[in-house]
Structure formats: C-alpha cells, structure tokens
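K.L.:
The structure follows.
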Amino acid sequence: MNLTLRIWRQTGPDAPGALTRYQVSGISPEMSFLEMLDTLNEELILTGEQPIAFDHDCREGICGACGMVINGQAHGPERTTTCQLHMRHFRDGDTIDVEPWRAAAFPVVKDLVVDRSAFDRIIGSGGYITAPTGSAPEAHATPVPKEAADLAFEHAECIGCGACVAACPNGSAMLFTAAKVVHLNALPQGAPERATRTRSMVATMDAEGFGGCTNTGECATACPKGIPLSGISLLNRDFLRRA
Amino acid sequence: MSNYLDYRLGADLADTRAPAGPIEGRWDQRRFDAKLVNPANRRGRTVIVVGTGLAGGAAGATLAEQGYHVVQFCFQDSPRRAHSIAAQGGINAAKNYRNDGDSVRRLFYDTVKGGDFRSRESNVHRLAQISVEIIDQCVAQGVPFAREYGGLLDTRSFGGVQVSRTFYARGQTGQQLLLGAYQALSRQIAAGSVQMHARTEMLDLVVIDGRARGIVARDLVTGRISTHLADAVVLATGGYGNVFYLSTNAKNSNTTAIWRAHRRGAYFANPCFTQIHPTCIPRSGDHQSKLTLMSESLRNDGRIWVPSAPGDTRPPAEIPEAERDYYLERTYPAFGNLVPRDIASRAAKTVCDEGRGVGPGGQGVYLDFADAIQRLGRAAVEAKYGNLFEMYQRITAEDPYRVPMRIYPAIHYTMGGLWVDYDLQTTLPGLFAIGEANFSDHGANRLGASALMQGLADGYFVLPATLNDYLARLPTAPVPADHPEIARVEGEVTDRLARLLAVDGDRTPDSFHRELGELLWDHCGMARSDAGLRKALARIPELRAEFWQRIRVPGTGEELNQSLEKANRLVDHLELAELMCLDALHRTESCGGHFRTESRTPDGEAARRDEEFSYAAAWEFTGPGSAPVLHREQLVFDHVHPTQRSYA
Ligand SMILES: Cc1cc2nc3c(=O)[nH]c(=O)nc-3n(C[C@H](O)[C@H](O)[C@H](O)COP(=O)(O)OP(=O)(O)OC[C@H]3O[C@@H](n4cnc5c(N)ncnc54)[C@H](O)[C@@H]3O)c2cc1C
Ligand code: SF4
Ligand code: FES
C-alpha cells in the first residue's frame with residue numbers, strides 16, 4: 001500500500017509543533033502500525049532526517065508504553081493498543097493523521113512521546129496495599145469470594161496507557177484512577193486503607209492538572225483493555241461514603 | 001591482541017558462600033550468620049538498584065522498607081512497564097494446596113532436572129523453599145490471582161510436571177505480579193525512601209578500590225550524563241535475548257548494564273545457555289520487529305504437522321491426510337506433540353530446513369485444531385483457548401478455528417548472565433545481580449513459570465538479607481565527588497556516544513542489529529556446530545568493524561535520541577555475541593537449550609557429557625576482541641542424581 005502520513009513533529013516540550021507530511025510506500029497489510037512507522041524511520045535516517053520519536057516496548061499490548069492519536073482516535077480505529085493495530089485496517093491511498101496524546105497533564109516530550117509520570121504519582125498517593133515484605137499471613141488465611149476476585153481482576157487489567165485521558169474532552173484521569181481504586185477496594189486485603197486510598201488518589205489526580213469527570217464515557221470507549229465505565233461509579237460511591 | 005579463540009583456563013571458582021550442612025537448613029544458617037546493619041544507620045547507606053522488573057521492583061521496595069536509601073533506574077517512562085509485565089503463564093510455588101504430592105523437595109528436584117544438571121543445588125533448594133512465601137506476599141499486596149468458587153487460590157500444571165503448582169492471573173500473571181511490586185515501590189517513592197530515575201539508562205559501572213561504588217547514567221530526555229554513587233550496586237536489568245534481534249522480549253531489553261559490568265570485572269557465566277520457545281507466531285516478512293509468544297498449553301490439543309513433500313504449497317485443507325507428516329507423533333510416539341520445548345523447536349527447524357516449512361518464507365509448521373474441534377466441539381475449544389485464538393487472529397488475520405495455526409520457534413529467555421555466588425554477589429565486590437540478569441538457578445534450561453518465581457525470590461527475600469550482611473561487614477568510606485575514576489568513566493561514556501554520532505555512515509542501527517541476529521540465529525540458535533560457530537566467530541569482528549565505519553545516527557546527544565540509544569546498545573550486543581559463540585564452541589556437549597550437533601545419542605537426541613562439562617563456565621573479560629579467561633565452577637550433585645533424558 002501507499003499512504004500519506006501527517007505526523008506531529010515537535011522537537012521539545014517548549015518548541016512549537018506541526019503536522020508534517022510523509023509518503024510511505026510498500027506497506028504490507030501484515031505490518032503493525034508501529035512497524036509501518038519503523039519503515040518510515042529507516043528511510044528518514046538514511047535521508048539524514050531525524051526519525052519520529054514514539055514510546056513502545058512490549059509490542060504485545062500489555063506494557064502500555066505505546067499510544068498515539070490516529071485519525072482523531074486514541075490508539076486508532078480498533079479497540080486495541082497502537083502496537084496491536086495492523087495496517088490491514090487501512091486502505092491503499094489513505095491519508096492518516098498521527099498525533100500525540102493531548103492533555104494538560106501529559107506534556108509533550110518530543111514528537112509522539114508524552115510525559116505520563118502524573119499516573120505514577122497518582123498510584124504513589126494510595127494505589128497500593130501496605131504489606132511490607134515478610135509480614136504476610138498465609139495466602140489461604142483470607143479466602144476471597146470469587147465475585148470480588150473477578151471484579152478486582154477486571155479493573156486490575158489497566159495498562160496505564162493514558163488513552164482514557166487522551167479521549168476525554170476534559171482530559172480527566174477518572175477511569176485510570178477508578179481502575180486502581182476498584183481493584184484494591186474490592187479485596188479484603190485492601191479494606192483497611194479503602195477510605196484514605198480513595199480520597200488521596202482523587203486529590204492527587206486533581207492536583208496533577210487532570211480535568212473533572214462529566215460522564216461523557218469517551219474514556220471507556222477508547223480503553224484498549226475494556227475497563228468498564230461502571231468503575232467510576234464505584235469510585236464515587238467509595239469517595240462519597242468515606243468523605 | 002591474542003586470537004579470541006585461544007582462551008586461557010583460570011583458577012576454578014570455589015567459594016559459593018553457601019553454608020555446609022543439610023541442604024534444608026542452609027538458607028536459615030546463612031541468614032543467621034549474616035550481620036545486620038543497625039536500623040538507625042541504614043538511612044545513611046545508599047543502594048543503587050538498576051531495573052524495575054520483578055527482581056528490581058521487589059528489591060527496591062524491600063530495601064527501602066528496611067530503611068536504606070535506594071536510588072533506582074529504568075529506561076522506560078515508568079517503572080511499571082518493565083519487560084516482566086509481559087509474562088503470561090504463571091508462577092510456581094510448592095504450596096501443595098492440591099495435596100497432589102508436591103513439596104519443596106519435589107520443586108527442587110524438578111528444577112535441577114529441568115535445568116539438565118547445570119545449576120547449583122544450594123541455590124535451587126533455597127528457591128523452592130522461598131516459593132511458598134512469595135505467594136503469601138503477593139496475595140497480601142492484592143495481586144488478583146485466579147480463585148475457585150470457594151475463594152481459595154486456583155492452580156494449574158505447566159510445562160510437563162506432574163503436579164499442579166502454577167499460580168496464575170488469567171494470561172497476565174507477569175503483569176499482576178509486577179504491578180504488585182510497582183505499587184509497593186511507588187509507596188516508597190512517595191515516601192521519599194526511593195529516588196526513582198525513569199527514562200534513565202545506566203551506561204557504565206564505577207569501580208573504586210576494587211568495589212562497585214556507582215554507575216554512570218544518561219538521562220534519555222535531556223541526554224545529560226551523570227554519575228550516581230552508592231555503597232553497593234544491584235543489577236536487575238533482565239536478559240539478553242534481544243541480541244538475536246527477533247525475540248519475544250520487549251523491544252528495548254538489552255545487555256548494556258551487565259555487559260558494561262562484565263567489562264569492569266564481573267564474570268559472565270554460561271552465555272550460550274539461551275532458551276527457544278517452540279510456539280511463537282512466525283515472522284510475516286522482513287519488516288518483522290518482534291515475535292509474539294503463543295502459550296505452550298496449545299500443544300495439549302493441537303496436532304503439529306507439515307506436508308510430506310518439500311515445496312508443497314497447496315493450502316492446508318487441500319493436503320490429504322496421507323500426504324501430511326505429523327512428525328512429532330511419528331518420531332516420539334510416547335510424548336507426541338508434548339515433547340519438551342527444545343526438542344519440539346529443533347524438530348520444527350529440521351522439517352523447515354528440509355523445505356517442508358509452511359507460510360511466508362517456509363519458516364513455519366502447522367498447529368492444527370481440526371481434530372480437537374471434532375472431538376470436543378468448538379465450544380469446548382473456545383472455552384480453553386478462546387483468548388489465544390483471538391490474539392492469533394488479530395495478528396495474522398487468519399481464523400484458527402478454520403485454518404491451522406502457523407507456529408515457529410523463537411528466542412525467549414536467557415539462562416546465562418552474570419556469575420553470582422550464593423549471596424547473589426558477582427565476582428566484583430559490592431555488585432549484585434538478580435533476576436534474569438544473573439546465571440543462577442535454571443542451569444541449561446528454565447522450566448515454565450520459574451522465572452517469575454526466581455525474580456521475586458531474589459528481590460523480596462534473598463538480596464535484602466545478603467546485602468545487609470555485605471553492608472554490615474564492609475563499612476564504606478564516602479567517595480569524593482572529584483575522584484579521578486568518576487571523570488575517567490564519564491569520559492569514556494561520553495566519548496563512545498560522540499564517536500557513534502560522528503561516523504555518519506550509510507547504515508541504520510536496525511540494519512546491523514538484524515544482520516547480527518540472523519548470524520546468531522543461524523549458528524548459535526537451535527542447533528550449533530563447530531563449523532557454524534567458527535563461521536560466526538570469524539564474521540562478528542568484521543561486522544563490528546563495519547559497524548564503526550558505516551553506522552549512521554542522526555541528531556545529537558543532548559536530546560531524546562532513540563537511534564543513539566539503539567546504536568549504543570548494539571555496541572554491547574556485538575561484543576556479547578562473540579562470547580556467546582565462544583562459550584557454545586567450547587562446550588562440546590549438548591545440554592538443555594544448548595544443542596551441539598556433534599554430541600548426540602545414537603538415536604539423535606542431545607547427549608550430555610558430565611565427566612567433562614559438569615561445571616558453570618564463568619568468563620573473565622580481558623579486552624575487546626581479546627581472548628577471555630575461563631573460570632569453572634564445578635557442580636556437585638549430592639541430592640539429585642544426574643540422568644540422561646529420554647522421550648522416544
Ligand atoms: C512473552 C514472555 C512470556 C513469559 N512468560 C513467563 C511466565 O509465564 N512465567 C515465568 O516464570 N516467566 C515468564 N517469562 C520470563 C520472565 O518474564 C522474565 O524472565 C522476567 O520477567 C525477568 O524479570 P527481571 O526483573 O529479571 O527483568 P525485566 O523485567 O526484564 O526488567 C529489567 C529492568 O531493567 C531495566 N534496565 C535494563 N537495562 C537498564 C539500563 N542499562 N539502565 C537502566 N535500566 C535498565 C529496565 O528498564 C527494566 O526496568 C516470559 C517472558 C516473555 C518474553
Ligand atoms: S483505563 Fe484503559 S485507557 Fe485508561 S490507562 Fe487504563 S488501560 Fe489505558
Ligand atoms: S508497546 Fe506495549 S502496549 Fe504497545
């Protein structure tokens with residue numbers, strides 16, 4: 001396939017950025033979106049241009065490193081991560097726009113790379129169970145009802161990619177925060193810290209410059225891991241109950 | 001400079017610091033003998049931990065809880081994204097919850113045997129003992145393991161063992177375990193006990209008065225080079241499978257940290273012990289950037305075959321039963337499609353080499369579920385493997401319910417790594433290596449679900465105890481910031497980056513990496529021969545020379561520059577590759593993942609040669625391209641008696 005790409009280029013956090021046009025040819029439908037960008041980058045290096053910077057690591061949809069807005073959609077047209085999106089979902093002659101996550105709390109580092117460290121700080125403010133090494137009781141001492149375990153697991157699947165924030169018109173991190181709050185609050189082990197965890201994580205989220213949640217639901221539509229929107233109501237319930 | 005192949009034999013490595021006495025009591029004894037650092041004095045002691053995977057994440061969190069000042073590094077943008085996140089299948093522990101006859105002793109026995117008798121008994125026994133504590137620890141942290149309706153933990157069996165001891169969290173066990181460690185680490189970061197440097201890559205080790213005292217690192221965003229000093233340095237930097245370019249490892253996994261440490265004096269053990277996984281999705285073309293693992297469990301119900309005749313390009317449905325070769329069932333009637341990883345992998349290579357491979361480039365074999373679907377019904381197959389079939393279809397656009405899957409072996413794990421003693425200390429005092437970065441515990445072959453166990457055992461339990469002892473016994477004097485060694489190492493790092501940027505040649509880092517990977521795959525991959533290894537050993541130095549003449553790295557060193565990162569890692573891969581081939585050449589036996597075509601039993605299977613090779617090979621660096629010195633650690637088997645494997 002031959003494609004026209006319009007890719008956001010920005011040399012640094014404070015530099016102005018712009019969409020730049022590139023032509024790529026010989027793209028096979030078997031390629032992943034990132035392999036298509038690899039192909040372009042190989043050409044750019046040889047012509048003396050700087051290759052396009054983007055984050056990636058596992059290329060299996062689990063590390064959460066990759067992420068770009070493709071034709072206006074976070075991670076593109078399929079409900080999966082950018083690394084698991086394949087070129088067979090595009091057609092010969094297409095023009096594709098590629099931009100970084102856009103959110104006040106995720107400043108651009110370079111090209112398609114953004115700074116998502118605010119997510120780490122949200123987790124650090126309560127997204128854990130205090131269990132110092134060596135002090136744990138025998139694993140079977142506290143059975144966990146299967147429904148609680150399943151609810152926890154469903155939310156624990158979040159990969160921290162940030163698509164929810166990028167898709168949200170307000171740039172809110174509610175779905176990400178709810179995913180961790182529900183995972184831990186659903187478990188008996190997480191109960192003692194439930195109140196402080198919920199309040200503290202929400203406070204950090206606000207302080208990091210994420211927007212408020214107005215229930216548009218765009219986050220859950222964009223989420224490659226299917227974190228349910230209902231998680232946000234569960235977070236709100238815990239937040240109000242304990243406030 | 002001496003000829004690289006003329007390596008010398010140095011003194012054997014004797015001291016493993018494992019206490020004598022009954023094997024069951026050795027770890028208790030070692031902990032009792034360990035000196036403790038007074039808690040009040042710990043805050044003043046700094047420990048550098050490089051890596052935030054299972055091993056590093058667990059170690060950083062635990063050392064900080066103990067009161068040490070931890071300075072930690074990873075090259076990803078967040079510690080949560082370390083390669084461990086991708087592990088799928090599960091983690092072993094000798095809990096015996098099923099009452100199916102499992103025990104610490106059985107896990108110990110299985111691991112030593114699975115490693116084909118090339119690991120150290122004391123370490124493996126300790127690993128089996130600690131395995132039970134790991135599960136307790138992770139449950140307390142909120143790791144959502146699979147559970148049964150009664151609320152208790154579920155387990156499954158894995159990798160051909162006879163007991164059900166693998167704990168799992170759907171197909172995302174690594175993710176959930178890593179998030180547990182990451183969350184514990186995040187708590188310590190927020191508390192100020194861990195100073196975390198993400199997007200920062202260690203590029204060299206600082207050794208002062210014979211002890212590891214710090215690292216030189218590059219901030220990957222600004223390009224700034226700086227030195228970080230400490231009382232001890234821990235490397236938890238993962239494996240080196242990416243030396244092959246195509247592997248199941250995360251794209252940025254690399255050998256730089258352990259290779260630079262090797263160059264500064266730490267011995268590198270068993271570099272040729274690499275593991276190949278038989279069931280990966282084959283490459284679809286030259287653009288392929290990495291390979292994806294399909295769980296081994298598929299071999300329980302899928303039948304593996306290729307066309308009987310070479311060059312048969314008919315679609316699989318048009319190939320009649322009589323013209324198909326179910327080669328595993330034919331050659332290994334007793335085990336059939338369930339032969340161990342290495343045997344299944346080599347058999348696939350053999351049929352493809354005969355021109356009977358399928359799919360693009362003939363590098364694939366069929367894994368066919370038609371019989372299983374007929375026998376069990378589609379619904380049952382879907383319930384068992386639905387998510388895997390979906391993943392396969394997303395990547396290949398083929399429906400495995402209708403068309404047989406295509407699979408091919410791929411590099412998956414590296415058993416080799418920095419040599420460590422029982423305390424997980426390398427041959428360089430003050431430098432410790434944990435997780436996949438060290439060579440311990442798995443011998444010549446790792447069993448499924450044992451890497452996660454080892455990473456967490458090292459990080460949560462072993463290292464915190466032994467490091468304490470090191471720090472208590474050897475109070476370190478602060479290193480002055482203007483120590484000449486710091487400027488020297490920083491200078492070397494800066495020079496190398498400047499040289500890479502200056503060549504301005506006509507080949508990209510990836511083009512060299514692919515070439516190196518193919519060379520290794522051909523000659524130091526699934527099957528290794530004297531002639532092939534010599535060919536690779538002749539080619540690698542040429543490739544290195546060409547690299548330094550033709551590499552092209554655009555941009556500067558003072559910015560986020562991913563080409564520079566790649567090229568700089570490749571320099572180390574190009575050196576490591578040579579040592580891997582030499583190690584493979586010197587070990588003229590077959591064992592575990594290392595198959596020498598010259599060393600076979602009369603029926604063609606791998607033949608171990610215990611009289612000559614019952615040792616771990618630890619190599620000492622003597623200079624780039626210069627012959628290394630071999631130090632052997634003789635392995636003694638008092639508890640598990642070495643036997644030859646047979647699957648026919
Ligand atoms: C697809 C796949 C599936 C697997 N499934 C299983 C399974 O089911 N069960 C099992 O037991 N094992 C499994 N394994 C193996 C297991 O995942 C790994 O062996 C293990 O996770 C390694 O953990 P680690 O902590 O040693 O290193 P890693 O997780 O690789 O972490 C390395 C860390 O070091 C950092 N780092 C490296 N170099 C530098 C540097 N120079 N400077 C700064 N930071 C650096 C990285 O940023 C990272 O944080 C699987 C492996 C793969 C590839
Ligand atoms: S909630 Fe979904 S979209 Fe948001 S970070 Fe987690 S996985 Fe990504
Ligand atoms: S690269 Fe890991 S999720 Fe895409």
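Here, A, B, ... name the chains of the structure tokens in the order displayed, residue numbers run from 1 inside each chain, and ligands are numbered from 1 in the same displayed order.
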Skip Arg197 (chain A) itself and residues of its chain fewer than 2 positions away, then list as a list of chain:residue names all residues within 9 Å of it, counting only C-alpha atoms.
P.N.:
A:Ser125, A:Gly126, A:Gly127, A:Tyr128, A:Val181, A:Asn185, A:Glu193, A:Arg194, A:Ala195, A:Arg199, A:Ser200, A:Met201, A:Val202
K.L.:
Could you write out as an mmCIF file with N, CA, C and O atoms, in the first residue's frame the residues of chain B within 7 Å of chain A, counting only C-alpha atoms?
P.N.:
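Contents of part.cif, freshly written:
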```cif
data_model
loop_
_atom_site.group_PDB
_atom_site.id
_atom_site.type_symbol
_atom_site.label_atom_id
_atom_site.label_comp_id
_atom_site.auth_asym_id
_atom_site.auth_seq_id
_atom_site.Cartn_x
_atom_site.Cartn_y
_atom_site.Cartn_z
ATOM 1 N N THR B 62 11.674 -3.466 48.999
ATOM 2 C CA THR B 62 12.037 -4.122 50.257
ATOM 3 C C THR B 62 13.216 -3.432 50.942
ATOM 4 O O THR B 62 13.202 -3.228 52.154
ATOM 5 N N GLU B 65 11.951 -0.344 52.555
ATOM 6 C CA GLU B 65 11.216 -0.667 53.787
ATOM 7 C C GLU B 65 12.175 -0.934 54.935
ATOM 8 O O GLU B 65 11.911 -0.604 56.091
ATOM 9 N N SER B 78 8.064 4.682 32.859
ATOM 10 C CA SER B 78 7.534 4.388 34.189
ATOM 11 C C SER B 78 8.052 3.028 34.628
ATOM 12 O O SER B 78 8.161 2.117 33.808
ATOM 13 N N ARG B 81 6.444 -0.410 33.488
ATOM 14 C CA ARG B 81 6.443 -1.002 32.154
ATOM 15 C C ARG B 81 7.582 -1.971 31.906
ATOM 16 O O ARG B 81 7.801 -2.386 30.767
ATOM 17 N N HIS B 83 9.885 -5.182 31.319
ATOM 18 C CA HIS B 83 9.565 -6.341 30.475
ATOM 19 C C HIS B 83 8.804 -7.443 31.215
ATOM 20 O O HIS B 83 7.981 -8.144 30.609
ATOM 21 N N ILE B 85 6.297 -7.341 32.728
ATOM 22 C CA ILE B 85 4.857 -7.128 32.577
ATOM 23 C C ILE B 85 4.254 -8.090 31.548
ATOM 24 O O ILE B 85 3.067 -8.384 31.588
ATOM 25 N N ALA B 86 5.068 -8.593 30.623
ATOM 26 C CA ALA B 86 4.533 -9.395 29.511
ATOM 27 C C ALA B 86 4.421 -10.881 29.817
ATOM 28 O O ALA B 86 3.899 -11.636 29.005
ATOM 29 N N ILE B 135 3.991 -16.365 47.316
ATOM 30 C CA ILE B 135 2.545 -16.318 47.091
ATOM 31 C C ILE B 135 1.867 -15.558 48.235
ATOM 32 O O ILE B 135 1.000 -14.708 48.006
ATOM 33 N N ASP B 136 2.279 -15.828 49.472
ATOM 34 C CA ASP B 136 1.720 -15.100 50.618
ATOM 35 C C ASP B 136 1.919 -13.591 50.445
ATOM 36 O O ASP B 136 0.997 -12.793 50.626
ATOM 37 N N GLN B 137 3.150 -13.226 50.096
ATOM 38 C CA GLN B 137 3.493 -11.824 49.938
ATOM 39 C C GLN B 137 2.613 -11.160 48.875
ATOM 40 O O GLN B 137 2.074 -10.084 49.077
ATOM 41 N N VAL B 139 -0.310 -12.124 47.612
ATOM 42 C CA VAL B 139 -1.730 -12.056 47.977
ATOM 43 C C VAL B 139 -1.953 -10.884 48.934
ATOM 44 O O VAL B 139 -2.916 -10.117 48.797
ATOM 45 N N ALA B 140 -1.049 -10.700 49.870
ATOM 46 C CA ALA B 140 -1.185 -9.587 50.823
ATOM 47 C C ALA B 140 -1.161 -8.241 50.110
ATOM 48 O O ALA B 140 -1.800 -7.286 50.537
ATOM 49 N N GLN B 141 -0.426 -8.182 48.994
ATOM 50 C CA GLN B 141 -0.339 -6.923 48.233
ATOM 51 C C GLN B 141 -1.555 -6.688 47.358
ATOM 52 O O GLN B 141 -1.666 -5.642 46.721
ATOM 53 N N GLY B 142 -2.429 -7.692 47.257
ATOM 54 C CA GLY B 142 -3.619 -7.516 46.430
ATOM 55 C C GLY B 142 -3.473 -8.034 45.009
ATOM 56 O O GLY B 142 -4.261 -7.664 44.138
ATOM 57 N N PRO B 144 -4.392 -10.092 42.135
ATOM 58 C CA PRO B 144 -5.636 -10.842 41.927
ATOM 59 C C PRO B 144 -5.414 -12.176 41.208
ATOM 60 O O PRO B 144 -5.775 -12.343 40.059
ATOM 61 N N ARG B 147 -9.017 -17.563 41.349
ATOM 62 C CA ARG B 147 -9.557 -18.243 42.526
ATOM 63 C C ARG B 147 -10.681 -19.182 42.140
ATOM 64 O O ARG B 147 -11.319 -19.022 41.110
ATOM 65 N N GLU B 148 -10.919 -20.127 43.005
ATOM 66 C CA GLU B 148 -12.033 -21.048 42.801
ATOM 67 C C GLU B 148 -13.271 -20.484 43.486
ATOM 68 O O GLU B 148 -13.193 -19.505 44.222
ATOM 69 N N TYR B 149 -14.413 -21.180 43.301
ATOM 70 C CA TYR B 149 -15.644 -20.637 43.871
ATOM 71 C C TYR B 149 -15.606 -20.526 45.383
ATOM 72 O O TYR B 149 -16.206 -19.643 45.966
ATOM 73 N N GLY B 150 -14.879 -21.399 46.050
ATOM 74 C CA GLY B 150 -14.770 -21.309 47.498
ATOM 75 C C GLY B 150 -13.900 -20.151 47.968
ATOM 76 O O GLY B 150 -13.746 -19.952 49.172
ATOM 77 N N GLY B 151 -13.303 -19.412 47.032
ATOM 78 C CA GLY B 151 -12.493 -18.267 47.424
ATOM 79 C C GLY B 151 -11.027 -18.584 47.601
ATOM 80 O O GLY B 151 -10.228 -17.706 47.924
ATOM 81 N N LEU B 152 -10.656 -19.865 47.401
ATOM 82 C CA LEU B 152 -9.243 -20.225 47.551
ATOM 83 C C LEU B 152 -8.522 -20.120 46.207
ATOM 84 O O LEU B 152 -9.149 -20.061 45.150
ATOM 85 N N GLN B 183 3.550 -1.144 42.831
ATOM 86 C CA GLN B 183 2.759 -0.380 43.793
ATOM 87 C C GLN B 183 3.511 -0.244 45.119
ATOM 88 O O GLN B 183 3.517 0.828 45.728
ATOM 89 N N ALA B 184 4.164 -1.325 45.540
ATOM 90 C CA ALA B 184 4.969 -1.248 46.767
ATOM 91 C C ALA B 184 6.112 -0.255 46.582
ATOM 92 O O ALA B 184 6.445 0.524 47.479
ATOM 93 N N SER B 186 6.084 2.291 44.473
ATOM 94 C CA SER B 186 5.513 3.639 44.376
ATOM 95 C C SER B 186 5.273 4.241 45.760
ATOM 96 O O SER B 186 5.444 5.439 45.973
ATOM 97 N N ARG B 187 4.875 3.366 46.685
ATOM 98 C CA ARG B 187 4.661 3.836 48.058
ATOM 99 C C ARG B 187 5.978 4.381 48.622
ATOM 100 O O ARG B 187 6.003 5.424 49.283
ATOM 101 N N ILE B 189 8.529 5.475 46.854
ATOM 102 C CA ILE B 189 8.928 6.678 46.111
ATOM 103 C C ILE B 189 8.211 7.886 46.706
ATOM 104 O O ILE B 189 8.816 8.915 46.999
ATOM 105 N N ALA B 190 6.900 7.721 46.938
ATOM 106 C CA ALA B 190 6.122 8.825 47.502
ATOM 107 C C ALA B 190 6.625 9.197 48.894
ATOM 108 O O ALA B 190 6.610 10.354 49.286
ATOM 109 N N ALA B 250 10.721 -7.646 25.175
ATOM 110 C CA ALA B 250 10.324 -6.284 24.848
ATOM 111 C C ALA B 250 11.425 -5.657 24.004
ATOM 112 O O ALA B 250 12.607 -5.996 24.136
ATOM 113 N N LYS B 251 11.036 -4.719 23.135
ATOM 114 C CA LYS B 251 11.958 -4.185 22.140
ATOM 115 C C LYS B 251 13.199 -3.540 22.740
ATOM 116 O O LYS B 251 14.267 -3.565 22.150
ATOM 117 N N ASN B 252 13.046 -2.915 23.909
ATOM 118 C CA ASN B 252 14.190 -2.167 24.428
ATOM 119 C C ASN B 252 15.058 -2.962 25.397
ATOM 120 O O ASN B 252 16.066 -2.451 25.884
ATOM 121 N N SER B 284 6.164 -12.466 9.506
ATOM 122 C CA SER B 284 5.328 -12.324 8.322
ATOM 123 C C SER B 284 6.070 -11.619 7.201
ATOM 124 O O SER B 284 5.545 -11.473 6.112
ATOM 125 N N HIS B 287 9.817 -6.857 7.560
ATOM 126 C CA HIS B 287 9.540 -5.731 8.448
ATOM 127 C C HIS B 287 9.407 -6.186 9.900
ATOM 128 O O HIS B 287 9.339 -5.371 10.799
ATOM 129 N N SER B 289 9.335 -6.892 13.614
ATOM 130 C CA SER B 289 10.152 -6.193 14.605
ATOM 131 C C SER B 289 10.276 -6.980 15.898
ATOM 132 O O SER B 289 11.180 -6.748 16.684
ATOM 133 N N THR B 396 -2.592 -12.238 12.693
ATOM 134 C CA THR B 396 -2.392 -12.859 11.373
ATOM 135 C C THR B 396 -3.572 -12.704 10.436
ATOM 136 O O THR B 396 -3.455 -12.995 9.251
ATOM 137 N N TYR B 460 12.569 -9.972 46.721
ATOM 138 C CA TYR B 460 11.893 -9.772 48.013
ATOM 139 C C TYR B 460 12.682 -10.403 49.163
ATOM 140 O O TYR B 460 12.666 -9.896 50.275
ATOM 141 N N ASP B 506 26.286 5.002 6.329
ATOM 142 C CA ASP B 506 25.142 4.792 5.448
ATOM 143 C C ASP B 506 24.272 3.606 5.861
ATOM 144 O O ASP B 506 23.490 3.105 5.082
ATOM 145 N N THR B 508 21.674 1.934 9.074
ATOM 146 C CA THR B 508 20.944 2.254 10.306
ATOM 147 C C THR B 508 21.289 1.233 11.398
ATOM 148 O O THR B 508 21.719 0.116 11.098
ATOM 149 N N PRO B 554 21.470 9.916 13.384
ATOM 150 C CA PRO B 554 21.156 11.337 13.218
ATOM 151 C C PRO B 554 20.957 12.028 14.564
ATOM 152 O O PRO B 554 20.830 11.367 15.595
ATOM 153 N N GLY B 555 20.916 13.346 14.523
ATOM 154 C CA GLY B 555 20.629 14.110 15.736
ATOM 155 C C GLY B 555 21.854 14.301 16.613
ATOM 156 O O GLY B 555 22.980 14.098 16.185
ATOM 157 N N GLN B 562 16.397 8.242 19.999
ATOM 158 C CA GLN B 562 16.212 6.792 20.081
ATOM 159 C C GLN B 562 17.184 6.035 19.172
ATOM 160 O O GLN B 562 17.525 4.888 19.470
#
```
K.L.:
Taking only C-alpha atoms into account, which of A:Asn2, A:Thr81, A:Asn236, A:Thr204 comes nearest Met68 (chain A)?
P.N.:
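Result for the nearest residue to Met68 (chain A): A:Thr81.
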K.L.:
From the set B:Cys74, B:Ile304, B:Val49, B:Leu153, which residue has the shortest atom-to-atom contact distance to ligand 1, counting only C-alpha atoms and all ligand atoms?
P.N.:
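Checking each candidate against ligand 1, we get B:Cys74 as the closest.
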K.L.:
Write as a count of residues only the residues around ligand 2, taking 9 Å as the cut-off and counting only C-alpha atoms and all ligand atoms.
P.N.:
35
K.L.:
For Thr52 (chain B), work out the shell of residues within 10 Å, counting only C-alpha atoms and skipping chain neighbours fewer than 3 positions away, then give it as a PyMOL selection string.
P.N.:
chain B and resi 49+55-61+72-76+78-84+178+181-182+185+196+198+235-238
K.L.:
Can you tell me, as a ChimeraX atom specification, which residues in region 73-319 of chain B count as strand (DSSP E) by DSSP?
P.N.:
/B:73,91-92,155-156,166-167,194-197,200-208,211-219,225-229,232-235,268-269,274-280,303-307
K.L.:
Which value, in Å to one decimal, gives the distance between CA of Gly211 (chain A) and atom 2 (Fe, counted along the ligand's line) of ligand 3?
P.N.:
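Separation between CA of Gly211 (chain A) and atom 2 (Fe, counted along the ligand's line) of ligand 3: 25.7 Å.
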K.L.:
Can you tell me which residues surround Ile343 (chain B) at a distance of at most 9 Å, considering only C-alpha atoms, apart from same-chain residues fewer than 5 positions away, and format the answer as a PDB file with N, CA, C and O atoms, in the first residue's frame?
P.N.:
```pdb
ATOM      1  N   PRO B 278       8.954 -23.044  21.478  1.00  0.00           N
ATOM      2  CA  PRO B 278       8.517 -23.640  20.198  1.00  0.00           C
ATOM      3  C   PRO B 278       7.275 -23.010  19.587  1.00  0.00           C
ATOM      4  O   PRO B 278       7.070 -23.111  18.382  1.00  0.00           O
ATOM      5  N   ALA B 348      11.043 -28.718  14.523  1.00  0.00           N
ATOM      6  CA  ALA B 348      10.434 -27.759  13.587  1.00  0.00           C
ATOM      7  C   ALA B 348      11.490 -27.213  12.638  1.00  0.00           C
ATOM      8  O   ALA B 348      11.269 -27.081  11.435  1.00  0.00           O
ATOM      9  N   GLU B 605      19.321 -37.815  19.801  1.00  0.00           N
ATOM     10  CA  GLU B 605      18.949 -36.838  20.823  1.00  0.00           C
ATOM     11  C   GLU B 605      20.196 -36.237  21.475  1.00  0.00           C
ATOM     12  O   GLU B 605      21.307 -36.727  21.317  1.00  0.00           O
ATOM     13  N   ALA B 606      19.945 -35.146  22.245  1.00  0.00           N
ATOM     14  CA  ALA B 606      21.040 -34.434  22.894  1.00  0.00           C
ATOM     15  C   ALA B 606      21.791 -35.348  23.861  1.00  0.00           C
ATOM     16  O   ALA B 606      21.176 -36.054  24.650  1.00  0.00           O
TER      17      ALA B 606
END
```
K.L.:
I need the residues in region 156-237 of chain A that are helix (DSSP H, G or I) according to DSSP; give them as a count of residues only.
P.N.:
51
K.L.:
Rank nothing, just name the residue among A:Phe33, A:Trp101, A:Trp8, A:Tyr22 nearest to ligand 3, using only C-alpha atoms and all ligand atoms.
P.N.:
A:Phe33
K.L.:
How many Å lie between CA of Gly623 (chain B) and CA of Glu575 (chain B), rounded to one decimal?
P.N.:
10.3 Å
K.L.:
Of the residues B:Arg105, B:Arg120, B:Arg378, B:Arg264, which is the one nearest to Arg17 (chain B), using only C-alpha atoms?
P.N.:
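Counting only C-alpha atoms, the residue closest to Arg17 (chain B) is B:Arg120.
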K.L.:
Would you mind listing what lies within 12 Å of Val104 (chain B) as a list of chain:residue names, with only C-alpha atoms counted and same-chain residues fewer than 2 positions away left out?
P.N.:
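Neighbouring residues, sequence-local ones excluded: B:Ile23, B:Glu24, B:Asn92, B:Ala93, B:Ala94, B:Lys95, B:Asn96, B:Gly101, B:Asp102, B:Arg106, B:Leu107, B:Phe108, B:Tyr109, B:Asp110, B:Thr111, B:Val124, B:His125, B:Arg126, B:Leu127, B:Ala128, B:Gln129, B:Ile130, B:Ser131, B:Val132, B:Glu133, B:Arg165.
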K.L.:
What does the distance from CA of Leu19 (chain A) to CA of Ser563 (chain B) come to in Å, to one decimal?
P.N.:
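Interatomic distance here is 21.6 Å.
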